[in-house]
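Presented below is the structure to which this report refers.
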Amino acid sequence: MPVEFLGIAATNDGSETTPRSGAAFDKDYTLRLARAHEDYGWDRVLFAYGSGSPDPAPAAAYIAARLDRLQILLAHRPNVSYPTFAAKTFATLDQISDGRLTVHFITGGNDHEQAREGDILTKEERYARTREYIRIVKQAWTSGDPFDHEGQYYRFHDFVSDVRPVQQPRPGVSFGGSSAAAYAAGGAEADIYCLWGEPLERTAEQIEAVKDAARAAGRTDVPRIQVAFRPIIAPTEELAWEKAHRTVGAIRARRGSAGARRHESGVTVAAAPENTGSQRLLAIAEAGERYDRALWTPTAAATGGAGNSNALVGTPETVAQALLDYYDLGVDILSARGYDLLGDAVDFGRHVIPLVREEVAKRDAARAAATATGSGAARAAHLAQQPLAAVRG
């Protein structure tokens with residue numbers, strides 16, 4: 001199966017290790033970072049969402065109008081707009097990008113962060129609302145006739161959108177989470193299911209949970225799987241580990257500064273995270289620092305389990321092989337983001353992506369050859385069992 005790479009479309013140069021140097025929306029930097037991803041072999045970039053951050057939709061439109069190939073993953077929280085309005089926004093962006101849009105729907109894992117924009121529903125209620133919201137957006141994208149909706153969270157009558165997506169029948173839907181409620185919602189509605197990087201065994205368990213949820217929802221297909229990491233690479237293993245420890249030191253220093261308490265994205269990281277995904281990351285970090293080939297957990301521990309925060313540490317060859325281990329589990333979208341956003345995007349694209357793509361091509365070719373050989377052997381065995389006259393006929 002093909003493999004894809006997802007990077008980050010940050011609107012400024014700030015990260016967990018470094019305060020931003022300019023405005024929250026730095027147009028020049030946003031374009032430079034996106035162009036680096038396009039130039040160095042990445043497939044798409046994520047425009048993330050935070051309550052106080054620049055609006056990702058116009059930022060995505062700004063990039064889409066200036067780049068030709070890079071695909072867009074747009075994060076969206078259902079609480080911030082009505083689904084019919086959102087469907088038109090997404091369809092318009094799909095038109096601007098010539099069909100390069102996927103939408104990542106965020107239910108929200110932190111009550112305080114959600115309440116900043118007036119969302120006071122419980123987590124369970126938010127998941128129910130998200131499922132209803134996604135279904136409305138899908139129908140608005142695909143229906144050429146006016147339709148009504150009478151749901152738990154939304155009611156409207158005689159809606160039809162005059163702007164249609166370029167992609168047919170519709171753009172892709174992305175979803176993430178590590179709780180049972182997340183698996184149920186994403187398993188039912190998502191084309192892509194997003195996970196944070198965990199040890200291989202735990203990731204395999206999560207993939208099975210997503211597949212089970214999809215089957216329980218009556219689907220005959222299953223979502224594609226995406227897994228996210230923070231790669232830390234260097235020319236030698238020794239240099240990579242030195243860089244990893246410097247990175248953790250910088251994270252801790254930044255979190256301890258006054259500026260870190262006023263997080264520039266508008267998201268406050270709680271000492272005890274509410275969302276299951278962060279709780280899982282912290283539990284994994286508490287149980288051990290190193291897993292499998294290259295997974296390293298102190299970066300997650302240092303951030304309090306905030307988001308995509310487990311690292312893959314090593315040379316480009318080591319990190320590529322670690323990513324291939326996840327590919328072998330059935331992961332075909334690999335999300336990666338460094339701490340020097342621009343420099344790391346270039347280095348990862350230059351040194352890691354080609355190694356993974358080359359090996360995936362070899363594995364796919366070997367798999368196809370094995371399938372063809374097996375089919376030929378099966379036919380030969382079948383013919384051997386037939387009467388001679390039937391074989392001649």
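By order of appearance in the structure tokens: chains A, B, ..., then residues from 1 within every chain, and ligands from 1 in the order shown.
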Selection: 6 Å around stretch 66-81 of chain A, only C-alpha atoms, excl. self and same-chain fewer than 2 positions, as a ChimeraX atom specification: /A:38,43-49,63-64,100-106
Output of the above residues as a CSV table (one decimal), in the first residue's frame, restricted to N, CA, C and O atoms:
```csv
chain,number,residue,atom,x,y,z
A,38,GLU,N,6.5,21.0,0.7
A,38,GLU,CA,6.3,20.6,-0.7
A,38,GLU,C,7.5,20.2,-1.4
A,38,GLU,O,7.6,19.3,-2.2
A,43,ASP,N,3.6,14.9,1.8
A,43,ASP,CA,2.3,14.8,1.0
A,43,ASP,C,1.3,15.9,1.5
A,43,ASP,O,0.7,16.5,0.6
A,44,ARG,N,1.2,16.1,2.8
A,44,ARG,CA,0.3,17.1,3.3
A,44,ARG,C,0.8,17.7,4.6
A,44,ARG,O,1.7,17.2,5.2
A,45,VAL,N,0.1,18.8,4.9
A,45,VAL,CA,0.4,19.5,6.2
A,45,VAL,C,-0.9,19.7,7.0
A,45,VAL,O,-1.9,20.0,6.4
A,46,LEU,N,-0.7,19.7,8.3
A,46,LEU,CA,-1.8,20.0,9.2
A,46,LEU,C,-1.9,21.4,9.6
A,46,LEU,O,-0.9,22.0,10.1
A,47,PHE,N,-3.0,22.0,9.4
A,47,PHE,CA,-3.3,23.3,10.0
A,47,PHE,C,-4.1,23.1,11.3
A,47,PHE,O,-5.3,22.8,11.2
A,48,ALA,N,-3.4,23.2,12.4
A,48,ALA,CA,-4.0,22.9,13.7
A,48,ALA,C,-4.9,24.0,14.2
A,48,ALA,O,-5.0,25.1,13.6
A,49,TYR,N,-5.6,23.6,15.3
A,49,TYR,CA,-6.6,24.6,15.9
A,49,TYR,C,-6.3,24.8,17.3
A,49,TYR,O,-6.1,23.8,18.1
A,63,ILE,N,-2.1,29.3,1.8
A,63,ILE,CA,-1.1,28.4,1.3
A,63,ILE,C,-1.6,27.7,0.0
A,63,ILE,O,-0.8,27.5,-0.9
A,64,ALA,N,-2.8,27.2,0.1
A,64,ALA,CA,-3.4,26.5,-1.1
A,64,ALA,C,-3.3,27.3,-2.4
A,64,ALA,O,-3.1,26.8,-3.5
A,100,ARG,N,-7.5,19.4,-2.8
A,100,ARG,CA,-6.4,18.9,-2.0
A,100,ARG,C,-6.8,18.9,-0.5
A,100,ARG,O,-5.9,18.9,0.4
A,101,LEU,N,-8.1,19.0,-0.1
A,101,LEU,CA,-8.5,19.2,1.3
A,101,LEU,C,-8.9,17.9,1.9
A,101,LEU,O,-9.6,17.1,1.3
A,102,THR,N,-8.5,17.7,3.2
A,102,THR,CA,-9.1,16.7,4.1
A,102,THR,C,-9.4,17.5,5.4
A,102,THR,O,-8.6,18.4,5.8
A,103,VAL,N,-10.5,17.2,6.0
A,103,VAL,CA,-10.9,17.9,7.2
A,103,VAL,C,-10.7,17.0,8.4
A,103,VAL,O,-11.2,15.8,8.4
A,104,HIS,N,-10.0,17.5,9.5
A,104,HIS,CA,-9.8,16.7,10.7
A,104,HIS,C,-10.7,17.3,11.8
A,104,HIS,O,-10.6,18.5,12.2
A,105,PHE,N,-11.7,16.5,12.2
A,105,PHE,CA,-12.7,17.0,13.2
A,105,PHE,C,-12.2,16.7,14.6
A,105,PHE,O,-11.9,15.6,14.9
A,106,ILE,N,-12.2,17.7,15.4
A,106,ILE,CA,-11.7,17.6,16.8
A,106,ILE,C,-12.9,17.8,17.8
A,106,ILE,O,-13.6,18.8,17.8
```
Would you list the contacts of A:Phe147 as a JSON list (two decimals) with C-alpha atoms, in the first residue's frame, taking every protein, DNA or RNA residue within 10 Å and counting only C-alpha atoms, but skipping same-chain residues closer than 2 positions in sequence?
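Result file result12.json:
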```json
[["chain", "number", "residue", "atom", "x", "y", "z"],
["A", 136, "ILE", "CA", -24.48, 16.81, 8.22],
["A", 139, "GLN", "CA", -24.65, 15.30, 3.32],
["A", 140, "ALA", "CA", -24.16, 18.98, 2.56],
["A", 143, "SER", "CA", -26.60, 16.40, -1.76],
["A", 144, "GLY", "CA", -27.76, 18.27, -4.82],
["A", 145, "ASP", "CA", -31.24, 18.66, -3.37],
["A", 149, "HIS", "CA", -32.30, 17.86, 9.62],
["A", 156, "PHE", "CA", -32.56, 23.23, 9.98],
["A", 157, "HIS", "CA", -34.82, 23.03, 6.94],
["A", 158, "ASP", "CA", -34.45, 23.15, 3.17],
["A", 159, "PHE", "CA", -30.66, 23.58, 3.07],
["A", 160, "VAL", "CA", -28.66, 23.09, -0.10]]
```
So which residues of stretch 132-316 of chain A fall under alpha helix (DSSP H) by DSSP, listed as a short mmCIF file (atom, residue, chain, number, x, y, z; two decimals) with N, CA and C atoms, in the first residue's frame?
```
data_model
loop_
_atom_site.label_atom_id
_atom_site.label_comp_id
_atom_site.auth_asym_id
_atom_site.auth_seq_id
_atom_site.Cartn_x
_atom_site.Cartn_y
_atom_site.Cartn_z
N GLU A 132 -22.94 13.76 14.81
CA GLU A 132 -24.05 14.40 14.10
C GLU A 132 -23.52 15.46 13.13
N TYR A 133 -22.54 16.21 13.57
CA TYR A 133 -21.94 17.28 12.77
C TYR A 133 -21.31 16.72 11.49
N ILE A 134 -20.51 15.67 11.63
CA ILE A 134 -19.85 15.08 10.46
C ILE A 134 -20.87 14.58 9.46
N ARG A 135 -21.93 13.95 9.94
CA ARG A 135 -22.94 13.42 9.02
C ARG A 135 -23.62 14.55 8.25
N ILE A 136 -23.86 15.67 8.91
CA ILE A 136 -24.48 16.81 8.22
C ILE A 136 -23.52 17.36 7.17
N VAL A 137 -22.26 17.52 7.54
CA VAL A 137 -21.28 18.04 6.58
C VAL A 137 -21.17 17.13 5.37
N LYS A 138 -21.11 15.84 5.59
CA LYS A 138 -21.04 14.90 4.47
C LYS A 138 -22.25 15.05 3.56
N GLN A 139 -23.45 15.17 4.15
CA GLN A 139 -24.65 15.30 3.32
C GLN A 139 -24.67 16.62 2.58
N ALA A 140 -24.21 17.69 3.23
CA ALA A 140 -24.16 18.98 2.56
C ALA A 140 -23.20 18.96 1.38
N TRP A 141 -22.10 18.21 1.51
CA TRP A 141 -21.14 18.08 0.42
C TRP A 141 -21.71 17.32 -0.77
N THR A 142 -22.55 16.33 -0.50
CA THR A 142 -22.94 15.37 -1.54
C THR A 142 -24.36 15.54 -2.06
N ALA A 180 -12.81 4.86 24.21
CA ALA A 180 -13.83 4.03 23.58
C ALA A 180 -14.81 4.89 22.78
N ALA A 181 -15.16 6.06 23.32
CA ALA A 181 -16.07 6.96 22.60
C ALA A 181 -15.45 7.45 21.31
N ALA A 182 -14.13 7.71 21.34
CA ALA A 182 -13.45 8.15 20.12
C ALA A 182 -13.42 7.04 19.08
N TYR A 183 -13.09 5.83 19.50
CA TYR A 183 -13.08 4.71 18.56
C TYR A 183 -14.45 4.55 17.90
N ALA A 184 -15.51 4.66 18.71
CA ALA A 184 -16.86 4.47 18.18
C ALA A 184 -17.21 5.55 17.16
N ALA A 185 -16.91 6.81 17.48
CA ALA A 185 -17.23 7.90 16.57
C ALA A 185 -16.38 7.85 15.31
N GLY A 186 -15.07 7.73 15.49
CA GLY A 186 -14.18 7.69 14.33
C GLY A 186 -14.34 6.43 13.52
N GLY A 187 -14.56 5.31 14.20
CA GLY A 187 -14.77 4.06 13.47
C GLY A 187 -15.98 4.13 12.57
N ALA A 188 -16.99 4.88 13.01
CA ALA A 188 -18.21 5.00 12.22
C ALA A 188 -18.08 6.00 11.08
N GLU A 189 -17.35 7.10 11.29
CA GLU A 189 -17.42 8.22 10.35
C GLU A 189 -16.13 8.56 9.61
N LEU A 200 4.73 -0.31 19.66
CA LEU A 200 4.11 -1.09 18.59
C LEU A 200 2.95 -1.94 19.09
N GLU A 201 3.14 -2.61 20.21
CA GLU A 201 2.09 -3.50 20.71
C GLU A 201 0.81 -2.73 21.03
N ARG A 202 0.97 -1.58 21.66
CA ARG A 202 -0.20 -0.77 22.00
C ARG A 202 -0.85 -0.18 20.75
N THR A 203 -0.02 0.20 19.79
CA THR A 203 -0.58 0.73 18.54
C THR A 203 -1.39 -0.34 17.81
N ALA A 204 -0.88 -1.56 17.79
CA ALA A 204 -1.63 -2.65 17.16
C ALA A 204 -2.98 -2.86 17.83
N GLU A 205 -3.00 -2.74 19.15
CA GLU A 205 -4.27 -2.88 19.88
C GLU A 205 -5.24 -1.77 19.50
N GLN A 206 -4.73 -0.55 19.37
CA GLN A 206 -5.60 0.55 18.99
C GLN A 206 -6.14 0.38 17.57
N ILE A 207 -5.30 -0.07 16.67
CA ILE A 207 -5.76 -0.30 15.30
C ILE A 207 -6.90 -1.31 15.29
N GLU A 208 -6.77 -2.37 16.06
CA GLU A 208 -7.84 -3.37 16.13
C GLU A 208 -9.11 -2.78 16.73
N ALA A 209 -8.96 -1.88 17.71
CA ALA A 209 -10.13 -1.24 18.31
C ALA A 209 -10.86 -0.38 17.29
N VAL A 210 -10.10 0.32 16.44
CA VAL A 210 -10.71 1.14 15.40
C VAL A 210 -11.44 0.25 14.39
N LYS A 211 -10.80 -0.83 13.99
CA LYS A 211 -11.44 -1.75 13.04
C LYS A 211 -12.70 -2.36 13.63
N ASP A 212 -12.65 -2.75 14.88
CA ASP A 212 -13.83 -3.32 15.54
C ASP A 212 -14.97 -2.31 15.57
N ALA A 213 -14.64 -1.04 15.85
CA ALA A 213 -15.67 0.00 15.89
C ALA A 213 -16.28 0.22 14.51
N ALA A 214 -15.44 0.16 13.48
CA ALA A 214 -15.96 0.33 12.12
C ALA A 214 -16.91 -0.81 11.76
N ARG A 215 -16.53 -2.02 12.12
CA ARG A 215 -17.42 -3.16 11.85
C ARG A 215 -18.71 -3.06 12.65
N ALA A 216 -18.59 -2.62 13.91
CA ALA A 216 -19.78 -2.47 14.75
C ALA A 216 -20.74 -1.43 14.19
N GLU A 237 24.17 7.79 15.93
CA GLU A 237 23.31 7.51 17.08
C GLU A 237 23.70 8.36 18.28
N GLU A 238 24.99 8.48 18.51
CA GLU A 238 25.46 9.26 19.65
C GLU A 238 25.00 10.71 19.56
N LEU A 239 25.14 11.31 18.39
CA LEU A 239 24.71 12.69 18.21
C LEU A 239 23.19 12.83 18.33
N ALA A 240 22.46 11.82 17.86
CA ALA A 240 21.00 11.87 17.97
C ALA A 240 20.55 11.86 19.43
N TRP A 241 21.19 11.03 20.23
CA TRP A 241 20.79 10.96 21.64
C TRP A 241 21.23 12.21 22.40
N GLU A 242 22.35 12.79 22.04
CA GLU A 242 22.75 14.06 22.64
C GLU A 242 21.71 15.14 22.30
N LYS A 243 21.27 15.14 21.06
CA LYS A 243 20.26 16.10 20.62
C LYS A 243 18.94 15.86 21.36
N ALA A 244 18.59 14.59 21.57
CA ALA A 244 17.35 14.27 22.27
C ALA A 244 17.36 14.81 23.70
N HIS A 245 18.45 14.63 24.40
CA HIS A 245 18.54 15.10 25.78
C HIS A 245 18.56 16.64 25.84
N ARG A 246 19.20 17.28 24.86
CA ARG A 246 19.14 18.74 24.80
C ARG A 246 17.71 19.21 24.57
N THR A 247 16.99 18.49 23.75
CA THR A 247 15.61 18.85 23.44
C THR A 247 14.74 18.79 24.69
N VAL A 248 14.86 17.73 25.45
CA VAL A 248 14.07 17.60 26.68
C VAL A 248 14.43 18.71 27.67
N GLY A 249 15.72 19.03 27.76
CA GLY A 249 16.13 20.13 28.63
C GLY A 249 15.50 21.44 28.21
N ALA A 250 15.44 21.68 26.90
CA ALA A 250 14.85 22.92 26.40
C ALA A 250 13.34 22.95 26.66
N ILE A 251 12.68 21.80 26.53
CA ILE A 251 11.24 21.74 26.82
C ILE A 251 10.98 22.09 28.27
N ARG A 252 11.74 21.49 29.16
CA ARG A 252 11.54 21.73 30.59
C ARG A 252 11.82 23.19 30.95
N ALA A 253 12.87 23.75 30.37
CA ALA A 253 13.19 25.15 30.65
C ALA A 253 12.08 26.08 30.15
N ARG A 254 11.55 25.77 28.97
CA ARG A 254 10.50 26.61 28.41
C ARG A 254 9.21 26.51 29.20
N ARG A 255 8.87 25.31 29.64
CA ARG A 255 7.65 25.15 30.43
C ARG A 255 7.77 25.84 31.78
N ALA A 258 7.97 32.04 32.42
CA ALA A 258 6.69 32.76 32.49
C ALA A 258 5.99 32.76 31.14
N GLY A 259 6.79 32.82 30.05
CA GLY A 259 6.18 32.84 28.73
C GLY A 259 5.45 31.56 28.41
N ALA A 260 5.97 30.43 28.90
CA ALA A 260 5.34 29.16 28.60
C ALA A 260 3.99 29.05 29.29
N ARG A 261 3.83 29.76 30.42
CA ARG A 261 2.55 29.67 31.10
C ARG A 261 1.46 30.40 30.31
N THR A 276 -7.94 10.86 27.18
CA THR A 276 -7.37 9.52 27.31
C THR A 276 -6.04 9.40 26.62
N GLY A 277 -5.88 10.05 25.45
CA GLY A 277 -4.63 9.94 24.71
C GLY A 277 -3.45 10.43 25.51
N SER A 278 -3.58 11.58 26.16
CA SER A 278 -2.48 12.12 26.97
C SER A 278 -2.23 11.27 28.20
N GLN A 279 -3.30 10.75 28.78
CA GLN A 279 -3.15 9.87 29.93
C GLN A 279 -2.37 8.61 29.55
N ARG A 280 -2.64 8.10 28.37
CA ARG A 280 -1.91 6.92 27.89
C ARG A 280 -0.43 7.24 27.70
N LEU A 281 -0.13 8.40 27.11
CA LEU A 281 1.27 8.77 26.89
C LEU A 281 2.03 8.87 28.21
N LEU A 282 1.41 9.47 29.21
CA LEU A 282 2.07 9.62 30.50
C LEU A 282 2.27 8.27 31.18
N ALA A 283 1.29 7.38 31.04
CA ALA A 283 1.43 6.05 31.63
C ALA A 283 2.56 5.27 30.96
N ILE A 284 2.66 5.40 29.65
CA ILE A 284 3.73 4.73 28.91
C ILE A 284 5.09 5.29 29.34
N ALA A 285 5.17 6.62 29.50
CA ALA A 285 6.43 7.25 29.92
C ALA A 285 6.81 6.81 31.33
N GLU A 286 5.83 6.68 32.19
CA GLU A 286 6.12 6.26 33.56
C GLU A 286 6.64 4.83 33.60
N ALA A 287 6.17 4.01 32.67
CA ALA A 287 6.58 2.60 32.64
C ALA A 287 7.95 2.40 32.03
N PRO A 298 10.57 10.48 27.15
CA PRO A 298 10.77 11.68 27.97
C PRO A 298 10.26 12.98 27.35
N THR A 299 10.19 13.08 26.05
CA THR A 299 9.61 14.28 25.44
C THR A 299 8.13 14.39 25.80
N ALA A 300 7.42 13.26 25.81
CA ALA A 300 6.02 13.28 26.21
C ALA A 300 5.87 13.62 27.69
N ALA A 301 6.71 13.02 28.52
CA ALA A 301 6.65 13.30 29.95
C ALA A 301 6.93 14.77 30.23
N ALA A 302 7.89 15.35 29.51
CA ALA A 302 8.26 16.74 29.75
C ALA A 302 7.16 17.72 29.38
N PRO A 316 18.93 8.79 10.50
CA PRO A 316 17.83 8.66 9.54
C PRO A 316 17.48 7.21 9.24
#
```
Nearest to A:Ala217 among A:Gly7, A:Ala190, A:Phe25, A:Ala361, with distances taken over only C-alpha atoms: which residue is it?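 Closest to A:Ala217, using only C-alpha atoms: A:Ala190.
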Counting only C-alpha atoms, figure out which residue out of A:Thr303, A:Asp328, A:Ser51, A:Pro56 gets nearest to A:Gly256.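 Between A:Thr303, A:Asp328, A:Ser51, A:Pro56, the residue approaching A:Gly256 most closely is A:Thr303.
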Give me the residues within 10 Å of stretch 118-123 of chain A as a PyMOL selection string, counting only C-alpha atoms and dropping any in the same chain fewer than 4 places off. chain A and resi 78-80+107-114+127-129+181+274-275
Those same residues - all heavy atoms - I'd like them written as a short mmCIF file (atom, residue, chain, number, x, y, z; two decimals), in the first residue's frame.
```
data_model
loop_
_atom_site.label_atom_id
_atom_site.label_comp_id
_atom_site.auth_asym_id
_atom_site.auth_seq_id
_atom_site.Cartn_x
_atom_site.Cartn_y
_atom_site.Cartn_z
N PRO A 78 -16.18 21.32 15.99
CA PRO A 78 -17.60 21.53 15.68
C PRO A 78 -18.27 22.64 16.49
O PRO A 78 -19.29 23.18 16.05
CB PRO A 78 -18.22 20.17 15.99
CG PRO A 78 -17.12 19.20 15.73
CD PRO A 78 -15.89 19.89 16.21
N ASN A 79 -17.73 22.99 17.66
CA ASN A 79 -18.41 24.01 18.47
C ASN A 79 -18.27 25.42 17.90
O ASN A 79 -18.99 26.33 18.33
CB ASN A 79 -17.86 24.00 19.90
CG ASN A 79 -16.37 24.30 19.97
OD1 ASN A 79 -15.56 23.49 19.54
ND2 ASN A 79 -15.99 25.45 20.50
N VAL A 80 -17.37 25.64 16.95
CA VAL A 80 -17.10 27.02 16.53
C VAL A 80 -17.95 27.51 15.37
O VAL A 80 -17.94 28.70 15.06
CB VAL A 80 -15.60 27.21 16.19
CG1 VAL A 80 -14.74 26.92 17.40
CG2 VAL A 80 -15.18 26.36 15.01
N THR A 107 -13.07 16.71 18.54
CA THR A 107 -14.13 16.73 19.55
C THR A 107 -13.74 17.59 20.74
O THR A 107 -14.59 18.27 21.32
CB THR A 107 -14.45 15.30 19.99
OG1 THR A 107 -14.94 14.57 18.86
CG2 THR A 107 -15.51 15.28 21.08
N GLY A 108 -12.47 17.55 21.13
CA GLY A 108 -11.99 18.35 22.25
C GLY A 108 -11.80 17.52 23.50
O GLY A 108 -12.75 16.89 23.98
N GLY A 109 -10.58 17.52 24.03
CA GLY A 109 -10.27 16.69 25.18
C GLY A 109 -10.04 17.45 26.47
O GLY A 109 -9.67 16.86 27.48
N ASN A 110 -10.24 18.78 26.45
CA ASN A 110 -9.98 19.59 27.64
C ASN A 110 -11.16 20.53 27.85
O ASN A 110 -11.43 21.40 27.03
CB ASN A 110 -8.67 20.36 27.44
CG ASN A 110 -8.32 21.20 28.66
OD1 ASN A 110 -8.93 22.22 28.90
ND2 ASN A 110 -7.32 20.76 29.40
N ASP A 111 -11.88 20.37 28.95
CA ASP A 111 -13.09 21.16 29.21
C ASP A 111 -12.78 22.66 29.26
O ASP A 111 -13.55 23.48 28.74
CB ASP A 111 -13.74 20.73 30.52
CG ASP A 111 -14.36 19.34 30.43
OD1 ASP A 111 -14.53 18.82 29.31
OD2 ASP A 111 -14.67 18.76 31.49
N HIS A 112 -11.67 23.02 29.89
CA HIS A 112 -11.32 24.43 30.02
C HIS A 112 -11.04 25.05 28.66
O HIS A 112 -11.50 26.17 28.36
CB HIS A 112 -10.09 24.57 30.93
CG HIS A 112 -9.61 25.98 31.08
ND1 HIS A 112 -10.29 26.93 31.80
CD2 HIS A 112 -8.50 26.61 30.58
CE1 HIS A 112 -9.63 28.08 31.76
NE2 HIS A 112 -8.55 27.91 31.02
N GLU A 113 -10.30 24.34 27.82
CA GLU A 113 -10.00 24.85 26.48
C GLU A 113 -11.26 24.99 25.65
O GLU A 113 -11.44 25.97 24.92
CB GLU A 113 -8.99 23.92 25.81
CG GLU A 113 -8.81 24.12 24.32
CD GLU A 113 -8.16 25.44 23.93
OE1 GLU A 113 -7.77 26.21 24.83
OE2 GLU A 113 -8.07 25.71 22.72
N GLN A 114 -12.17 24.02 25.75
CA GLN A 114 -13.43 24.12 25.00
C GLN A 114 -14.27 25.29 25.48
O GLN A 114 -14.89 26.00 24.68
CB GLN A 114 -14.22 22.81 25.14
CG GLN A 114 -13.57 21.60 24.51
CD GLN A 114 -13.38 21.74 23.01
OE1 GLN A 114 -12.27 21.61 22.50
NE2 GLN A 114 -14.45 22.00 22.30
N TYR A 127 -18.82 14.14 21.85
CA TYR A 127 -18.66 13.07 20.86
C TYR A 127 -19.95 12.85 20.08
O TYR A 127 -19.93 12.66 18.85
CB TYR A 127 -18.21 11.78 21.53
CG TYR A 127 -16.71 11.68 21.67
CD1 TYR A 127 -16.10 11.73 22.92
CD2 TYR A 127 -15.89 11.58 20.54
CE1 TYR A 127 -14.72 11.66 23.05
CE2 TYR A 127 -14.51 11.51 20.66
CZ TYR A 127 -13.94 11.56 21.91
OH TYR A 127 -12.58 11.50 22.03
N ALA A 128 -21.09 12.88 20.77
CA ALA A 128 -22.37 12.71 20.08
C ALA A 128 -22.60 13.86 19.10
O ALA A 128 -23.07 13.65 17.97
CB ALA A 128 -23.51 12.64 21.10
N ARG A 129 -22.24 15.07 19.52
CA ARG A 129 -22.41 16.22 18.63
C ARG A 129 -21.49 16.11 17.41
O ARG A 129 -21.90 16.41 16.28
CB ARG A 129 -22.09 17.50 19.39
CG ARG A 129 -22.19 18.76 18.54
CD ARG A 129 -21.75 20.00 19.30
NE ARG A 129 -20.36 19.88 19.74
CZ ARG A 129 -19.79 20.72 20.60
NH1 ARG A 129 -20.49 21.70 21.13
NH2 ARG A 129 -18.53 20.56 20.94
N ALA A 181 -15.16 6.06 23.32
CA ALA A 181 -16.07 6.96 22.60
C ALA A 181 -15.45 7.45 21.31
O ALA A 181 -16.13 7.59 20.29
CB ALA A 181 -16.44 8.14 23.49
N GLU A 274 -7.07 15.56 30.89
CA GLU A 274 -8.39 14.94 30.91
C GLU A 274 -8.56 13.91 29.81
O GLU A 274 -9.33 12.96 29.95
CB GLU A 274 -9.45 16.03 30.76
CG GLU A 274 -9.45 17.08 31.85
CD GLU A 274 -10.35 18.26 31.51
OE1 GLU A 274 -11.21 18.11 30.61
OE2 GLU A 274 -10.19 19.32 32.13
N ASN A 275 -7.88 14.10 28.70
CA ASN A 275 -8.11 13.23 27.55
C ASN A 275 -7.34 11.92 27.68
O ASN A 275 -6.22 11.87 28.20
CB ASN A 275 -7.74 13.93 26.24
CG ASN A 275 -6.27 14.28 26.17
OD1 ASN A 275 -5.75 14.97 27.02
ND2 ASN A 275 -5.59 13.78 25.14
#
```
If you measure from atom CA of A:Pro231 to atom CA of A:Pro273, what distance in Å do you get, rounded to one decimal?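 Between atom CA of A:Pro231 and atom CA of A:Pro273 the gap is 23.2 Å.
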With only C-alpha atoms as the atoms that count, which of A:Ala228, A:Glu358, A:Val163, A:Glu125 lies nearest to A:Leu93? A:Val163
Shell around A:Thr11 at 12 Å using only C-alpha atoms, local window under 5 positions removed, as a ChimeraX atom specification: /A:20-34,45-50,53-60,62-63,264-265,341-342
Tell me, as number ranges by chain, which residues lie within 7 Å of A:Pro199, counting only C-alpha atoms; anything in the same chain fewer than 6 positions away does not count. A: 291-292, 295
Do you know which residues are at most 12 Å from A:Arg337 counting only C-alpha atoms, after dropping those on the same chain fewer than 6 positions away, and could you put them as a PyMOL selection string? chain A and resi 5-10+15-16+33+37+42+45-46+196-197+227-233+307-312+343-349
Report as number ranges by chain: the residues of stretch 212-384 of chain A with a DSSP assignment of strand (DSSP E or B), based on the backbone of this structure. A: 224-233, 290-291, 295-296, 311-314, 331-336
